[in-house]
file start.cif (mmCIF, C-alpha atoms)
data_protein
loop_
_atom_site.label_atom_id
_atom_site.label_comp_id
_atom_site.auth_asym_id
_atom_site.auth_seq_id
_atom_site.Cartn_x
_atom_site.Cartn_y
_atom_site.Cartn_z
CA MET R 185 0.00 0.00 0.00
CA PRO R 186 1.65 3.27 -1.10
CA GLY R 187 2.27 5.67 1.75
CA HIS R 188 2.58 2.96 4.42
CA ARG R 189 5.88 1.58 5.68
CA ARG R 190 6.26 -1.86 7.18
CA GLY R 191 8.96 -2.62 9.76
CA THR R 192 10.24 0.96 10.29
CA GLY R 193 8.68 4.29 11.09
CA ALA R 194 9.21 7.40 8.99
CA PHE R 195 12.30 8.38 10.96
CA GLY R 196 13.64 4.82 10.96
CA ALA R 197 13.45 4.61 7.18
CA TRP R 198 15.66 7.67 6.79
CA VAL R 199 18.11 6.32 9.37
CA VAL R 200 18.43 3.05 7.43
CA LEU R 201 19.03 5.07 4.26
CA GLY R 202 21.62 7.15 6.12
CA VAL R 203 23.76 4.18 7.17
CA TYR R 204 23.39 2.74 3.66
CA ILE R 205 24.78 6.03 2.30
CA ALA R 206 27.73 5.77 4.70
CA LEU R 207 28.46 2.22 3.51
CA VAL R 208 28.37 3.10 -0.19
CA THR R 209 30.35 6.30 0.36
CA SER R 210 33.15 4.42 2.14
CA SER R 211 33.34 1.90 -0.73
CA HIS R 212 33.77 4.67 -3.30
CA ILE R 213 36.35 6.49 -1.18
CA LEU R 214 38.40 3.28 -1.17
CA TRP R 215 37.95 2.88 -4.93
CA ILE R 216 39.08 6.37 -5.95
CA SER R 217 41.58 7.08 -3.16
CA PHE R 218 44.72 6.37 -5.22
CA ALA R 219 43.66 8.65 -8.09
CA SER R 220 44.88 11.90 -6.51
CA VAL R 221 48.11 10.43 -5.07
CA THR R 222 49.33 8.19 -7.89
CA ASP R 223 53.02 9.12 -7.52
CA ASN R 224 52.98 8.54 -3.75
CA ALA R 225 51.16 5.24 -4.16
CA ALA R 226 53.57 4.14 -6.89
CA ARG R 227 56.56 4.70 -4.58
CA THR R 228 54.81 2.99 -1.67
CA PHE R 229 53.92 -0.15 -3.62
CA HIS R 230 57.09 -0.21 -5.79
CA THR R 231 55.37 0.21 -9.13
CA THR R 232 54.63 2.92 -11.72
CA SER R 233 52.09 5.75 -11.69
CA LEU R 234 50.49 4.23 -14.79
CA SER R 235 49.91 0.94 -12.95
CA ILE R 236 48.33 2.79 -10.03
CA GLY R 237 46.13 4.71 -12.46
CA LEU R 238 44.95 1.45 -13.99
CA LEU R 239 43.60 0.37 -10.59
CA VAL R 240 40.84 2.98 -10.95
CA SER R 241 39.52 1.16 -14.02
CA VAL R 242 38.88 -1.97 -11.92
CA GLY R 243 35.73 -0.39 -10.44
CA PRO R 244 33.72 -0.01 -13.68
CA ILE R 245 34.91 -3.43 -14.90
CA CYS R 246 33.72 -5.16 -11.70
CA SER R 247 30.43 -3.27 -11.86
CA ALA R 248 29.84 -4.30 -15.47
CA ILE R 249 30.62 -7.99 -14.82
CA PHE R 250 28.69 -8.40 -11.58
CA SER R 251 25.89 -5.86 -12.04
CA ILE R 252 23.08 -8.30 -12.91
CA PRO R 253 23.76 -10.88 -10.14
CA ALA R 254 24.28 -7.96 -7.76
CA GLY R 255 20.76 -6.81 -8.60
CA ALA R 256 19.17 -10.25 -8.53
CA LEU R 257 20.22 -11.04 -4.94
CA PRO R 258 18.31 -8.19 -3.23
CA ASP R 259 15.26 -9.01 -5.33
CA ARG R 260 15.39 -12.60 -4.10
CA PHE R 261 16.54 -12.24 -0.48
CA GLY R 262 15.97 -8.58 0.40
CA TYR R 263 18.63 -5.92 0.69
CA ARG R 264 19.99 -6.64 4.20
CA ARG R 265 21.82 -9.92 3.67
CA PRO R 266 23.61 -8.96 0.41
CA LEU R 267 24.61 -5.60 1.89
CA LEU R 268 26.04 -7.16 5.04
CA TRP R 269 28.12 -9.72 3.13
CA ALA R 270 29.29 -7.17 0.56
CA GLY R 271 30.14 -4.72 3.32
CA LEU R 272 32.06 -7.38 5.24
CA ALA R 273 34.10 -8.29 2.15
CA THR R 274 34.81 -4.60 1.55
CA VAL R 275 36.07 -4.13 5.11
CA VAL R 276 38.25 -7.27 5.12
CA PHE R 277 40.03 -6.44 1.86
CA ALA R 278 40.24 -2.74 2.75
CA PHE R 279 42.37 -3.70 5.77
CA LEU R 280 44.43 -6.23 3.78
CA ARG R 281 45.20 -4.00 0.76
CA PRO R 282 47.63 -1.62 2.53
CA LEU R 283 49.75 -4.65 3.48
CA ALA R 284 50.59 -5.39 -0.17
CA GLY R 285 54.29 -5.09 -0.92
CA SER R 286 54.16 -4.89 -4.70
CA PHE R 287 51.75 -4.31 -7.58
CA PRO R 288 50.49 -7.89 -8.27
CA PRO R 289 49.06 -8.46 -4.76
CA LEU R 290 47.86 -4.84 -4.74
CA LEU R 291 45.92 -5.50 -7.95
CA LEU R 292 44.41 -8.75 -6.65
CA LEU R 293 43.36 -7.12 -3.38
CA THR R 294 41.88 -4.14 -5.24
CA VAL R 295 39.81 -6.48 -7.41
CA ALA R 296 38.65 -8.33 -4.28
CA LEU R 297 37.82 -4.99 -2.64
CA LEU R 298 35.76 -3.75 -5.60
CA ILE R 299 33.84 -6.89 -6.54
CA PRO R 300 31.39 -6.20 -3.66
CA GLN R 301 30.80 -2.63 -4.86
CA PRO R 302 27.97 -3.36 -7.35
CA PHE R 303 26.26 -5.45 -4.65
CA LEU R 304 26.24 -2.32 -2.50
CA ILE R 305 25.07 0.06 -5.21
CA ASN R 306 22.36 -2.08 -6.79
CA ALA R 307 20.60 -2.78 -3.49
CA VAL R 308 19.33 0.82 -3.33
CA ALA R 309 16.21 0.00 -5.36
CA ASP R 310 15.13 -2.79 -3.02
CA LEU R 311 15.89 -0.72 0.10
CA VAL R 312 13.82 2.20 -1.21
CA ASN R 313 10.99 -0.10 -2.32
CA ARG R 314 10.72 -1.57 1.19
CA HIS R 315 10.97 1.63 3.23
CA PHE R 316 9.71 4.56 1.15
CA SER R 317 6.37 5.35 -0.45
CA ASP R 318 5.89 6.28 -4.12
CA GLU R 319 5.88 9.96 -3.18
CA GLU R 320 9.41 9.70 -1.71
CA SER R 321 11.06 7.13 -3.97
CA ALA R 322 13.09 9.42 -6.27
CA THR R 323 14.11 11.61 -3.33
CA ALA R 324 15.33 8.60 -1.35
CA THR R 325 17.00 7.09 -4.41
CA GLY R 326 18.67 10.43 -5.13
CA LEU R 327 20.15 10.49 -1.64
CA GLY R 328 21.24 6.85 -1.96
CA THR R 329 22.99 7.35 -5.29
CA MET R 330 24.45 10.64 -4.04
CA ALA R 331 26.72 8.43 -1.94
CA ILE R 332 28.58 7.45 -5.13
CA PHE R 333 29.45 11.06 -5.94
CA LEU R 334 30.09 11.93 -2.30
CA GLY R 335 32.58 9.07 -1.97
CA ILE R 336 34.39 10.12 -5.15
CA THR R 337 34.56 13.74 -3.99
CA VAL R 338 35.86 12.88 -0.50
CA GLY R 339 38.33 10.33 -1.87
CA LEU R 340 39.84 12.81 -4.32
CA ALA R 341 39.81 15.86 -2.04
CA VAL R 342 40.81 14.42 1.35
CA THR R 343 43.38 11.79 0.38
CA PRO R 344 46.33 14.10 -0.50
CA GLY R 345 46.19 15.84 2.89
CA LEU R 346 45.71 12.56 4.75
CA VAL R 347 48.64 10.98 2.90
CA SER R 348 50.88 13.93 3.79
CA VAL R 349 50.24 13.19 7.47
CA LEU R 350 49.84 9.39 7.65
CA GLY R 351 51.35 8.15 4.40
CA VAL R 352 49.59 6.07 1.74
CA ARG R 353 49.21 2.95 3.88
CA GLY R 354 48.05 4.95 6.90
CA ALA R 355 45.40 6.73 4.85
CA GLN R 356 44.15 3.40 3.55
CA PHE R 357 43.83 2.05 7.09
CA VAL R 358 41.81 5.13 8.06
CA TYR R 359 39.41 4.55 5.14
CA ALA R 360 39.17 0.86 6.08
CA GLY R 361 38.20 1.93 9.59
CA VAL R 362 35.51 4.23 8.21
CA ALA R 363 34.13 1.30 6.17
CA ALA R 364 34.13 -0.90 9.28
CA LEU R 365 32.23 1.71 11.31
CA SER R 366 29.72 2.13 8.47
CA LEU R 367 29.15 -1.62 8.31
CA ALA R 368 28.69 -1.83 12.07
CA ALA R 369 26.16 1.00 11.98
CA PHE R 370 24.23 -0.70 9.18
CA TRP R 371 24.21 -4.02 11.04
CA ILE R 372 22.78 -2.31 14.13
CA VAL R 373 20.23 -0.08 12.37
CA ALA R 374 18.88 -2.21 9.52
CA PRO R 375 15.86 -4.26 10.68
CA ARG R 376 16.62 -7.95 11.28
CA THR R 377 13.54 -8.92 9.27
CA VAL R 378 13.49 -7.07 5.96
CA PRO R 379 10.14 -5.28 5.54
CA GLU R 380 7.76 -6.39 2.82
CA ARG R 381 7.74 -4.34 -0.34
CA LEU R 382 5.43 -1.35 -0.43
CA ARG R 383 4.73 -1.99 -4.11
CA ALA R 384 4.06 -5.34 -5.80
CA PRO R 385 4.82 -7.41 -2.67
CA GLU R 386 4.47 -10.82 -4.33
CA GLU R 387 7.70 -12.72 -5.03
CA LEU R 388 8.94 -14.08 -8.37
CA ASP R 389 11.30 -16.99 -8.80
CA MET R 390 14.67 -16.22 -10.38
CA ARG R 391 13.78 -17.50 -13.86
CA ALA R 392 10.56 -15.48 -14.03
CA ALA R 393 12.35 -12.39 -12.74
CA ILE R 394 15.13 -12.59 -15.35
CA ALA R 395 12.58 -13.27 -18.10
CA ARG R 396 10.59 -10.19 -17.13
CA VAL R 397 13.71 -8.03 -17.17
CA LEU R 398 14.95 -9.31 -20.52
CA HIS R 399 11.56 -8.76 -22.20
CA SER R 400 11.09 -5.16 -21.07
CA ARG R 401 11.61 -2.78 -24.00
CA ALA R 402 11.50 0.20 -21.65
CA LEU R 403 14.35 -1.24 -19.59
CA TRP R 404 16.59 -1.70 -22.63
CA ARG R 405 15.86 1.86 -23.73
CA LEU R 406 16.84 3.11 -20.28
CA ALA R 407 19.97 0.96 -20.54
CA ALA R 408 20.81 2.58 -23.87
CA ILE R 409 20.33 6.04 -22.34
CA LEU R 410 22.70 5.21 -19.47
CA PHE R 411 25.17 3.70 -21.95
CA CYS R 412 25.32 7.07 -23.70
CA GLY R 413 25.16 9.16 -20.53
CA PHE R 414 27.80 7.29 -18.53
CA GLY R 415 29.83 7.11 -21.71
CA PHE R 416 30.18 10.81 -22.37
CA TYR R 417 30.41 11.63 -18.63
CA LEU R 418 33.35 9.27 -18.05
CA GLY R 419 34.84 10.16 -21.42
CA MET R 420 34.88 13.88 -20.66
CA THR R 421 36.10 13.51 -17.07
CA THR R 422 38.86 11.08 -18.11
CA TRP R 423 40.28 13.37 -20.79
CA LEU R 424 39.32 16.70 -19.18
CA SER R 425 42.87 17.69 -18.19
CA ASP R 426 44.10 17.15 -21.75
CA ILE R 427 41.04 18.91 -23.20
CA LEU R 428 41.58 22.01 -21.05
CA LYS R 429 45.38 22.17 -21.32
CA PRO R 430 45.45 23.99 -24.71
CA HIS R 431 43.25 26.71 -23.16
CA GLY R 432 45.78 27.44 -20.41
CA ILE R 433 44.09 25.39 -17.68
CA GLY R 434 46.61 23.30 -15.73
CA ASN R 435 46.08 19.95 -14.07
CA THR R 436 45.22 21.41 -10.66
CA LEU R 437 42.52 23.72 -12.02
CA ALA R 438 41.26 20.97 -14.34
CA GLY R 439 40.83 18.77 -11.27
CA LEU R 440 38.70 21.47 -9.67
CA VAL R 441 36.56 21.67 -12.81
CA ALA R 442 36.04 17.90 -12.71
CA GLY R 443 35.18 18.23 -9.03
CA ALA R 444 32.55 20.84 -9.88
CA ILE R 445 30.80 18.26 -12.07
CA THR R 446 30.64 15.87 -9.12
CA VAL R 447 29.51 18.55 -6.65
CA GLY R 448 26.81 19.57 -9.12
CA GLY R 449 25.79 15.93 -9.32
CA ILE R 450 25.41 15.68 -5.55
CA ALA R 451 23.20 18.78 -5.48
CA GLY R 452 21.19 17.69 -8.51
CA SER R 453 20.63 14.15 -7.24
CA VAL R 454 18.91 15.54 -4.15
CA ALA R 455 17.15 18.59 -5.65
CA LEU R 456 15.93 17.08 -8.92
CA GLY R 457 15.05 13.77 -7.28
CA ALA R 458 12.79 15.67 -4.89
CA ALA R 459 11.39 17.76 -7.76
CA SER R 460 10.62 14.60 -9.72
CA ASP R 461 8.69 13.23 -6.74
CA HIS R 462 6.90 16.55 -6.26
CA ILE R 463 5.57 16.86 -9.82
CA ARG R 464 5.15 13.05 -10.19
CA ARG R 465 7.13 12.88 -13.44
CA ARG R 466 10.37 11.12 -14.44
CA LYS R 467 10.73 11.60 -18.19
CA PRO R 468 11.27 15.41 -18.24
CA PHE R 469 14.35 15.04 -16.03
CA ILE R 470 15.91 12.40 -18.28
CA ILE R 471 15.32 14.57 -21.33
CA ALA R 472 16.64 17.67 -19.53
CA ALA R 473 19.85 15.81 -18.67
CA GLY R 474 20.55 15.19 -22.35
CA LEU R 475 19.47 18.63 -23.56
CA VAL R 476 21.64 20.46 -21.02
CA SER R 477 24.59 18.17 -21.74
CA VAL R 478 24.91 19.17 -25.40
CA PRO R 479 25.83 22.86 -24.92
CA THR R 480 27.72 22.30 -21.66
CA LEU R 481 29.93 19.60 -23.22
CA LEU R 482 30.73 21.91 -26.14
CA LEU R 483 31.48 24.79 -23.76
CA LEU R 484 33.79 22.63 -21.63
CA GLY R 485 35.80 21.92 -24.75
CA HIS R 486 36.18 25.54 -25.84
CA LEU R 487 36.10 27.88 -22.82
CA GLY R 488 39.34 29.32 -21.44
CA SER R 489 37.96 31.04 -18.33
CA PHE R 490 38.37 29.00 -15.15
CA VAL R 491 35.37 30.61 -13.45
CA ALA R 492 33.17 30.03 -16.50
CA LEU R 493 34.34 26.41 -16.66
CA LEU R 494 33.41 25.88 -13.01
CA ILE R 495 29.89 27.20 -13.62
CA VAL R 496 29.40 25.12 -16.76
CA ALA R 497 30.78 21.99 -15.05
CA PHE R 498 28.43 22.45 -12.08
CA VAL R 499 25.41 22.86 -14.40
CA LEU R 500 26.41 19.76 -16.38
CA GLY R 501 26.75 17.66 -13.22
CA PHE R 502 23.55 19.05 -11.68
CA PHE R 503 21.36 17.84 -14.55
CA LEU R 504 23.35 14.89 -15.91
CA LEU R 505 24.21 12.96 -12.76
CA ALA R 506 20.75 13.55 -11.28
CA ALA R 507 19.38 11.43 -14.14
CA LEU R 508 20.80 8.33 -12.41
CA PRO R 509 18.49 8.26 -9.35
CA VAL R 510 15.53 9.24 -11.54
CA SER R 511 16.33 6.31 -13.85
CA ILE R 512 16.59 3.92 -10.88
CA ALA R 513 13.22 5.12 -9.56
CA TRP R 514 11.82 4.65 -13.09
CA VAL R 515 12.88 0.99 -13.10
CA SER R 516 10.89 0.32 -9.92
CA GLU R 517 7.79 2.01 -11.34
CA GLU R 518 7.93 0.69 -14.91
CA ALA R 519 4.77 -1.33 -15.60
CA SER R 520 6.66 -3.95 -17.64
CA LEU R 521 8.96 -4.64 -14.67
CA GLY R 522 7.61 -3.98 -11.18
CA ALA R 523 9.24 -3.72 -7.78
CA GLN R 524 9.90 -7.49 -7.62
CA VAL R 525 12.70 -7.15 -10.21
CA ALA R 526 13.76 -3.56 -9.53
CA SER R 527 17.28 -4.38 -8.33
CA THR R 528 17.83 -6.78 -11.24
CA GLY R 529 16.68 -4.06 -13.62
CA VAL R 530 19.01 -1.57 -11.96
CA GLY R 531 21.80 -4.09 -12.48
CA VAL R 532 21.09 -4.14 -16.22
CA ILE R 533 21.09 -0.36 -16.67
CA LEU R 534 24.22 0.10 -14.54
CA MET R 535 26.00 -2.64 -16.48
CA ALA R 536 25.15 -0.78 -19.69
CA GLY R 537 26.37 2.48 -18.17
CA ASN R 538 29.72 1.02 -17.13
CA LEU R 539 30.21 -0.61 -20.52
CA GLY R 540 29.42 2.70 -22.18
CA GLY R 541 31.97 4.45 -19.97
CA ALA R 542 34.72 1.98 -20.80
CA LEU R 543 33.99 2.08 -24.55
CA VAL R 544 33.52 5.82 -24.99
CA VAL R 545 36.75 6.64 -23.14
CA VAL R 546 38.63 4.53 -25.69
CA ILE R 547 36.73 5.93 -28.69
CA MET R 548 37.38 9.53 -27.63
CA GLY R 549 41.07 8.74 -27.25
CA VAL R 550 41.18 7.15 -30.71
CA ILE R 551 39.44 10.17 -32.28
CA LYS R 552 41.91 12.52 -30.60
CA ASP R 553 44.89 10.51 -31.86
CA ALA R 554 43.47 10.50 -35.39
CA GLU R 555 42.74 14.26 -35.49
CA GLY R 556 45.48 15.57 -33.22
CA ASN R 557 43.02 17.42 -30.95
CA TYR R 558 39.84 16.79 -28.97
CA SER R 559 37.36 18.71 -31.15
CA GLY R 560 36.00 15.61 -32.85
CA ALA R 561 35.95 13.65 -29.58
CA ILE R 562 33.88 16.39 -27.90
CA LEU R 563 31.45 16.44 -30.83
CA PHE R 564 31.14 12.67 -30.46
CA ALA R 565 30.29 13.09 -26.77
CA ALA R 566 27.68 15.73 -27.61
CA ALA R 567 26.21 13.45 -30.28
CA LEU R 568 25.74 10.74 -27.65
CA ALA R 569 23.75 13.23 -25.57
CA VAL R 570 21.50 13.87 -28.58
CA VAL R 571 21.01 10.12 -29.05
CA ALA R 572 20.08 9.78 -25.35
CA VAL R 573 17.42 12.51 -25.73
CA ALA R 574 16.03 10.85 -28.88
CA ILE R 575 15.64 7.55 -27.01
CA ALA R 576 14.13 9.21 -23.94
CA VAL R 577 11.46 10.90 -26.06
CA THR R 578 10.16 7.47 -27.14
CA LEU R 579 9.59 6.32 -23.54
CA ARG R 580 6.30 6.60 -21.70
CA ASP R 581 6.68 8.17 -18.27
CA PRO R 582 5.87 5.39 -15.76
CA LEU R 583 3.99 7.74 -13.43
CA VAL R 584 1.89 9.11 -16.29
CA ALA R 585 1.15 5.54 -17.39
CA THR R 586 0.13 4.56 -13.84
CA THR R 587 -2.17 7.57 -13.51
CA THR R 588 -3.75 6.93 -16.91
CA ASP R 589 -4.30 3.25 -16.21
CA ALA R 590 -5.83 4.04 -12.82
CA SER R 591 -8.23 6.63 -14.27
CA THR R 592 -9.45 4.25 -16.98
CA ALA R 593 -9.85 1.24 -14.69
CA PRO R 594 -13.47 0.09 -14.17
#
call {"tool": "encode", "arguments": {"input": "start.cif", "output": "C-alpha cells"}}
result
Amino acid sequence: MPGHRRGTGAFGAWVVLGVYIALVTSSHILWISFASVTDNAARTFHTTSLSIGLLVSVGPICSAIFSIPAGALPDRFGYRRPLLWAGLATVVFAFLRPLAGSFPPLLLLTVALLIPQPFLINAVADLVNRHFSDEESATATGLGTMAIFLGITVGLAVTPGLVSVLGVRGAQFVYAGVAALSLAAFWIVAPRTVPERLRAPEELDMRAAIARVLHSRALWRLAAILFCGFGFYLGMTTWLSDILKPHGIGNTLAGLVAGAITVGGIAGSVALGAASDHIRRRKPFIIAAGLVSVPTLLLLGHLGSFVALLIVAFVLGFFLLAALPVSIAWVSEEASLGAQVASTGVGVILMAGNLGGALVVVIMGVIKDAEGNYSGAILFAAALAVVAVAIAVTLRDPLVATTTDASTAP
C-alpha cells in the first residue's frame, strides 16, 4: 500500500538510508583514493604511476561484470543480507590491501575490494521499495545514489592531505576503519527482518524475474540512455585535463573543474530527485539531462575562463548525474517490470552504463589521436547526448502511465 511503511517508522526509514549512504560512500572512497596520489602510491607499492592509475579502471569493470547478479540477490533475499556480506568483504580487503608489498598483490586485493561494490550500489532500489512510499522514492534514491558522488569527492579531495600526514598505507587504514564503522552502523540499524515491499509485494522466482527483465523494452531503452550518458560523462572527465590544457588550464585547475561536475551531481541528485517526486514525473528530467549536456559539453571543450568552466561543469553535473536516481526510480515504477525485479533491472542499466563508460573513453582517445586534438571527440560526446534525448522521447513516463491506467480502470 503506497504511503505505508512496514517494519520501520518514517524516521527509521531515513536512518536506514543514512547508514546505507555511509556504507556506499566508504566503498567509493576506497575505490578512488589512489587517483589523486598516484606518484605517492607508486613509490609505496614499488610500481609505476600508470599501474596505479589502472587500478581505478577496476571499479567499472567489476560493476559491469557483476551488475546483474548484484541486482538479482536483493530481489530474491531482500537488501539486508547482500549488503552485510558485501560490506564485510569490503572491510576485510580494505584492511588487507595496505599490506601489499608490490603491484600484483595490490591489484588482486583491489579487485577483491571492488567486486562487492555493485552489490552495495544495486541494493538501493530494493531498500527504497521496502521503506519509502511512491511519493518519496526518487528523493530517497537520489540520496542513496548521491553516496557514489560523495565518496568520489571525498576520496579525491581528502586523500592528498591525509597521505601527507599518515602516508599512503596509513590513509588506507583510516578509510578501512571508516568502512568498518559504516558496516557496524548498518548491522545495528537495519531491521533484522526485511520489511515487505510497499509496491508489488508478491515474489517471483529467479527464472521469471530474469525473463521479465529481458523482455522489457522500456528497460533496454533506459539501458541505452545510461550507456550514452555514462559514456560521455566518463569520457569527458577522463580526458578533461588534456582537453583544457590547450586553453591554459593546468592539471590542478582541471581537477577542480572535474570536481565541480561531481559537486553539481550531488546537489542535482537531491534537488531534482525531490522535484521529480513533487511533480510526479520522471521523463522530463531524463530529457533535460541530455538537452543540457549538449551545450555544456561543447562549452567545456572551448572555454578558457576557469570561473566560467566551473559554472558550466556544475550545471552539467547538476542535470546529468541527477538522471541516475531518476532512472533507478523509473525501473521500480515501470509497468513492464515492477518492484519485484527492480534491483535486477538496476543491475542491467548500470551494467550498460559502465560498458558505455569503458567504450567511450577509448573511442574519444582514438578520435583525438586520429585528429590531433579533442574537437572531434567532444562532438562525439555531444552526439551521444542527442542520441540519449532521442531515445528518452520514445519512452512513456511510468507515473503518467500509472495515472492513466488508474483513471481508466473500471
call {"tool": "atom_distance", "arguments": {"input": "start.cif", "atom1": "CA of Thr329 (chain R)", "atom2": "CA of Leu456 (chain R)"}}
result
12.6 Å
call {"tool": "residues_around", "arguments": {"input": "start.cif", "residues": "region 221-225 of chain R", "least_positions_apart": "3", "cutoff": "10 Å", "atoms": "all atoms listed in the file", "output": "ChimeraX atom specification"}}
result
/R:216-218,228-237,340,343-345,347-348,351-353
call {"tool": "residues_around", "arguments": {"input": "start.cif", "residues": "Ala270 (chain R)", "least_positions_apart": "4", "cutoff": "7 Å", "atoms": "only C-alpha atoms", "output": "PDB file with C-alpha atoms, keeping the file's coordinate frame"}}
result
ATOM      1  CA  PRO R 266      23.610  -8.960   0.410  1.00  0.00           C
ATOM      2  CA  THR R 274      34.810  -4.600   1.550  1.00  0.00           C
ATOM      3  CA  PRO R 300      31.390  -6.200  -3.660  1.00  0.00           C
ATOM      4  CA  PHE R 303      26.260  -5.450  -4.650  1.00  0.00           C
ATOM      5  CA  LEU R 304      26.240  -2.320  -2.500  1.00  0.00           C
TER       6      LEU R 304
END
call {"tool": "residues_around", "arguments": {"input": "start.cif", "residues": "Gly449 (chain R)", "least_positions_apart": "5", "cutoff": "9 Å", "atoms": "all atoms listed in the file", "output": "list in words"}}
result
Met330, Phe333, Ala444, Val454, Phe498, Val499, Leu500, Gly501, Phe502, Phe503, Leu504, Leu505 and Ala506 of chain R
call {"tool": "closest_residue", "arguments": {"input": "start.cif", "among": "R:Ala459, R:Ala278, R:Ile332, R:Ala492", "to": "Leu508 (chain R)", "atoms": "all atoms listed in the file"}}
result
R:Ile332
call {"tool": "resolve_selection", "arguments": {"input": "start.cif", "expression": "the PyMOL selection byres ((chain R and resi 288) around 12)", "output": "ChimeraX atom specification"}}
result
/R:229-231,235-236,239,281,284-287,289-295
call {"tool": "write_last_selection", "arguments": {"input": "start.cif", "atoms": "C-alpha atoms", "output": "tab-separated table (two decimals), in the frame of the given file"}}
result
chain	number	residue	atom	x	y	z
R	229	PHE	CA	53.92	-0.15	-3.62
R	230	HIS	CA	57.09	-0.21	-5.79
R	231	THR	CA	55.37	0.21	-9.13
R	235	SER	CA	49.91	0.94	-12.95
R	236	ILE	CA	48.33	2.79	-10.03
R	239	LEU	CA	43.60	0.37	-10.59
R	281	ARG	CA	45.20	-4.00	0.76
R	284	ALA	CA	50.59	-5.39	-0.17
R	285	GLY	CA	54.29	-5.09	-0.92
R	286	SER	CA	54.16	-4.89	-4.70
R	287	PHE	CA	51.75	-4.31	-7.58
R	289	PRO	CA	49.06	-8.46	-4.76
R	290	LEU	CA	47.86	-4.84	-4.74
R	291	LEU	CA	45.92	-5.50	-7.95
R	292	LEU	CA	44.41	-8.75	-6.65
R	293	LEU	CA	43.36	-7.12	-3.38
R	294	THR	CA	41.88	-4.14	-5.24
R	295	VAL	CA	39.81	-6.48	-7.41
call {"tool": "resolve_selection", "arguments": {"input": "start.cif", "expression": "the PyMOL selection byres ((chain R and resi 209) around 12)", "output": "ChimeraX atom specification"}}
result
/R:202-208,210-217,271,274,301,304-305,327-339,359-360,362-363,366-367
call {"tool": "resolve_selection", "arguments": {"input": "start.cif", "expression": "the PyMOL selection byres ((chain R and resi 264) around 12)", "output": "ChimeraX atom specification"}}
result
/R:200-201,203-204,257-263,265-271,303-304,307-308,310-311,314,367,370-379
call {"tool": "write_last_selection", "arguments": {"input": "start.cif", "atoms": "C-alpha atoms", "output": "short mmCIF file (atom, residue, chain, number, x, y, z; two decimals), keeping the file's coordinate frame"}}
result
data_model
loop_
_atom_site.label_atom_id
_atom_site.label_comp_id
_atom_site.auth_asym_id
_atom_site.auth_seq_id
_atom_site.Cartn_x
_atom_site.Cartn_y
_atom_site.Cartn_z
CA VAL R 200 18.43 3.05 7.43
CA LEU R 201 19.03 5.07 4.26
CA VAL R 203 23.76 4.18 7.17
CA TYR R 204 23.39 2.74 3.66
CA LEU R 257 20.22 -11.04 -4.94
CA PRO R 258 18.31 -8.19 -3.23
CA ASP R 259 15.26 -9.01 -5.33
CA ARG R 260 15.39 -12.60 -4.10
CA PHE R 261 16.54 -12.24 -0.48
CA GLY R 262 15.97 -8.58 0.40
CA TYR R 263 18.63 -5.92 0.69
CA ARG R 265 21.82 -9.92 3.67
CA PRO R 266 23.61 -8.96 0.41
CA LEU R 267 24.61 -5.60 1.89
CA LEU R 268 26.04 -7.16 5.04
CA TRP R 269 28.12 -9.72 3.13
CA ALA R 270 29.29 -7.17 0.56
CA GLY R 271 30.14 -4.72 3.32
CA PHE R 303 26.26 -5.45 -4.65
CA LEU R 304 26.24 -2.32 -2.50
CA ALA R 307 20.60 -2.78 -3.49
CA VAL R 308 19.33 0.82 -3.33
CA ASP R 310 15.13 -2.79 -3.02
CA LEU R 311 15.89 -0.72 0.10
CA ARG R 314 10.72 -1.57 1.19
CA LEU R 367 29.15 -1.62 8.31
CA PHE R 370 24.23 -0.70 9.18
CA TRP R 371 24.21 -4.02 11.04
CA ILE R 372 22.78 -2.31 14.13
CA VAL R 373 20.23 -0.08 12.37
CA ALA R 374 18.88 -2.21 9.52
CA PRO R 375 15.86 -4.26 10.68
CA ARG R 376 16.62 -7.95 11.28
CA THR R 377 13.54 -8.92 9.27
CA VAL R 378 13.49 -7.07 5.96
CA PRO R 379 10.14 -5.28 5.54
#
call {"tool": "atom_distance", "arguments": {"input": "start.cif", "atom1": "CA of His399 (chain R)", "atom2": "CA of Leu521 (chain R)"}}
result
9.0 Å
call {"tool": "residues_around", "arguments": {"input": "start.cif", "residues": "Ala402 (chain R)", "least_positions_apart": "2", "cutoff": "8 Å", "atoms": "all atoms listed in the file", "output": "list in words"}}
result
Ser400, Trp404, Arg405, Leu406, Glu518, Ser520 and Leu579 of chain R
call {"tool": "write_last_selection", "arguments": {"input": "start.cif", "atoms": "C-alpha atoms", "output": "PDB file, in the frame of the given file"}}
result
ATOM      1  CA  SER R 400      11.090  -5.160 -21.070  1.00  0.00           C
ATOM      2  CA  TRP R 404      16.590  -1.700 -22.630  1.00  0.00           C
ATOM      3  CA  ARG R 405      15.860   1.860 -23.730  1.00  0.00           C
ATOM      4  CA  LEU R 406      16.840   3.110 -20.280  1.00  0.00           C
ATOM      5  CA  GLU R 518       7.930   0.690 -14.910  1.00  0.00           C
ATOM      6  CA  SER R 520       6.660  -3.950 -17.640  1.00  0.00           C
ATOM      7  CA  LEU R 579       9.590   6.320 -23.540  1.00  0.00           C
TER       8      LEU R 579
END
call {"tool": "atom_distance", "arguments": {"input": "start.cif", "atom1": "CA of Ser425 (chain R)", "atom2": "CA of Asp553 (chain R)"}}
result
15.6 Å
call {"tool": "closest_residue", "arguments": {"input": "start.cif", "among": "R:Gly419, R:Pro509, R:Gly196, R:Gly434", "to": "Gly549 (chain R)", "atoms": "all atoms listed in the file"}}
result
R:Gly419
call {"tool": "closest_residue", "arguments": {"input": "start.cif", "among": "R:Arg580, R:Arg401, R:His431, R:Lys552", "to": "Gly488 (chain R)", "atoms": "all atoms listed in the file"}}
result
R:His431
call {"tool": "closest_atom_pairs", "arguments": {"input": "start.cif", "of": "region 499-574 of chain R", "to": "region 468-475 of chain R", "cutoff": "7 Å", "atoms": "only C-alpha atoms", "output": "JSON lines"}}
result
{"residue": "R:Phe503", "atom": "CA", "partner": "R:Ala473", "partner_atom": "CA", "distance": 4.8}
{"residue": "R:Leu504", "atom": "CA", "partner": "R:Ala473", "partner_atom": "CA", "distance": 4.6}
{"residue": "R:Ala507", "atom": "CA", "partner": "R:Ile470", "partner_atom": "CA", "distance": 5.5}
{"residue": "R:Ala569", "atom": "CA", "partner": "R:Gly474", "partner_atom": "CA", "distance": 4.9}
{"residue": "R:Val570", "atom": "CA", "partner": "R:Gly474", "partner_atom": "CA", "distance": 6.4}
{"residue": "R:Ala572", "atom": "CA", "partner": "R:Gly474", "partner_atom": "CA", "distance": 6.2}
{"residue": "R:Val573", "atom": "CA", "partner": "R:Ile471", "partner_atom": "CA", "distance": 5.3}
